[in-house]
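Here is the structure we will look at.
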Amino acid sequence: MKAFFRFWYDFIVGDDWVVAVGVVAVLGIAAVLAGAGAAGWLWACVAMTGLLVLSVWRAARAHDRR
Amino acid sequence: MSGAVLVLAAFLACAVEMVEATTIVLAVGVTRGWRSPLLGAGAATVALVVVIGVLGPALVQLPIDALRIVVGGLLLTFGLQWLRKAVLRAGGYKALHDEDAIFQEEVALVEQEGGARVRQGMDWYAFTLAFKGVFLEGLEVAFIVLTFGTNEGHIGLAAIGAAAAVVVVAIVAVIVHAPLSRVPENTLKFSVGLMLTSFGAFWSTEGVGVKWPGSDAAIAGLFVLFLAVSMGLVKFLQTRSTRLATA
């Protein structure tokens, strides 16, 4: 059972949980903005590229500390 | 998305997975004989066909917006992970994915296990290794085909792209009959990461109700945006790495 969950965690979340959590948060806020008639696409562009920068930055910082 | 772009996207994404699966099968086959790993790869292929047969119709029956949110979100997550690794490699912060090194690791692992697990003419260890590698990578191929295909309404075209990738990588593997280190893997992964991220970003946000300027053409804009940010990050990492080395 543990191996089963481990497989799906590795398959979906990968080695940086921040990306998976970030994607859910970005989509949630985009849904709220779209529902309110705001430019959700603009938020999506900024937030998704920001997520990539954050993930790379975290990995680079961890690398430099080693 | 045009049919040609859909086929190309599926082809590139699936080629990356195939290279990894083929490396494992080659490593096992060279060291323990070809019969068991090839049977393992064949069994994994049959299992994949069953999984695709079960999941395919279920995915198509889902409401399109729910489908876009789930598969787009997953593609976006996979794409961002691929992009992060590709950026780190290009920026000198992660070793380039060396298929020769992977091949040697697999060979060393297989040799350590010895020949104790051979029963009734079947090498179950070699069978399992090949099965695991092909099934896991094949699952990702199936996922890519189903998501690309169902979102664009052309599973057949996505399957053609995937099948072409399988054939091309298999032919290359037979010809070189050695690790596939000649394939510029990080370049391929960079491109696939950009594609997965762009498609995933577009589909998932459309699923939650976001209206994009230019509709489907926005995918090209997203591709350029992620490419520009990724290249900027590579440049930043290279500069940072040099600065830290000289400090």
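Chains: A, B, ... in order of the structure tokens. Residues: from 1 per chain. Ligands: from 1, in order shown.
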Cut-off 6 Å: closest chain A/chain B atom pairs per residue, using only C-alpha atoms, as a tab-separated table:
residue	atom	partner	partner_atom	distance
A:Ala20	CA	B:Thr77	CA	5.8
A:Ala31	CA	B:Val208	CA	4.9
A:Ala34	CA	B:Val210	CA	5.2
A:Gly40	CA	B:Val210	CA	5.5
A:Trp41	CA	B:Trp212	CA	5.9
A:Val56	CA	B:Arg84	CA	5.6
Would you write out those residues with N, CA and C atoms, as a PDB file, in the first residue's frame?
ATOM      1  N   ALA A  20       3.329  21.376  -7.504  1.00  0.00           N
ATOM      2  CA  ALA A  20       1.980  20.783  -7.496  1.00  0.00           C
ATOM      3  C   ALA A  20       1.013  21.643  -6.695  1.00  0.00           C
ATOM      4  N   ALA A  31      -9.830  30.706 -11.266  1.00  0.00           N
ATOM      5  CA  ALA A  31     -11.269  30.427 -11.333  1.00  0.00           C
ATOM      6  C   ALA A  31     -12.066  31.563 -10.696  1.00  0.00           C
ATOM      7  N   ALA A  34     -11.831  34.600 -13.015  1.00  0.00           N
ATOM      8  CA  ALA A  34     -12.658  34.400 -14.212  1.00  0.00           C
ATOM      9  C   ALA A  34     -14.132  34.547 -13.867  1.00  0.00           C
ATOM     10  N   GLY A  40      -8.321  36.751 -16.020  1.00  0.00           N
ATOM     11  CA  GLY A  40      -7.666  35.611 -15.388  1.00  0.00           C
ATOM     12  C   GLY A  40      -6.420  35.163 -16.134  1.00  0.00           C
ATOM     13  N   TRP A  41      -6.380  35.395 -17.446  1.00  0.00           N
ATOM     14  CA  TRP A  41      -5.230  34.953 -18.246  1.00  0.00           C
ATOM     15  C   TRP A  41      -3.962  35.698 -17.857  1.00  0.00           C
ATOM     16  N   VAL A  56      12.855  26.883  -9.595  1.00  0.00           N
ATOM     17  CA  VAL A  56      14.272  26.864 -10.000  1.00  0.00           C
ATOM     18  C   VAL A  56      15.133  27.488  -8.908  1.00  0.00           C
TER      19      VAL A  56
END
Name the residues in contact with Trp43 in chain A at a cut-off of 9 Å, using only C-alpha atoms, excluding same-chain residues fewer than 3 positions from it; report them as a tab-separated table (two decimals) with C-alpha atoms, in the first residue's frame.
chain	number	residue	atom	x	y	z
A	26	VAL	CA	-2.97	29.30	-9.34
A	29	ILE	CA	-7.41	31.96	-7.96
A	30	ALA	CA	-7.81	31.98	-11.76
A	33	LEU	CA	-10.94	35.91	-11.17
A	39	ALA	CA	-8.50	39.03	-16.77
A	40	GLY	CA	-7.67	35.61	-15.39
A	46	VAL	CA	2.37	36.00	-14.12
A	47	ALA	CA	1.67	33.28	-11.54
A	48	MET	CA	2.83	30.32	-13.67
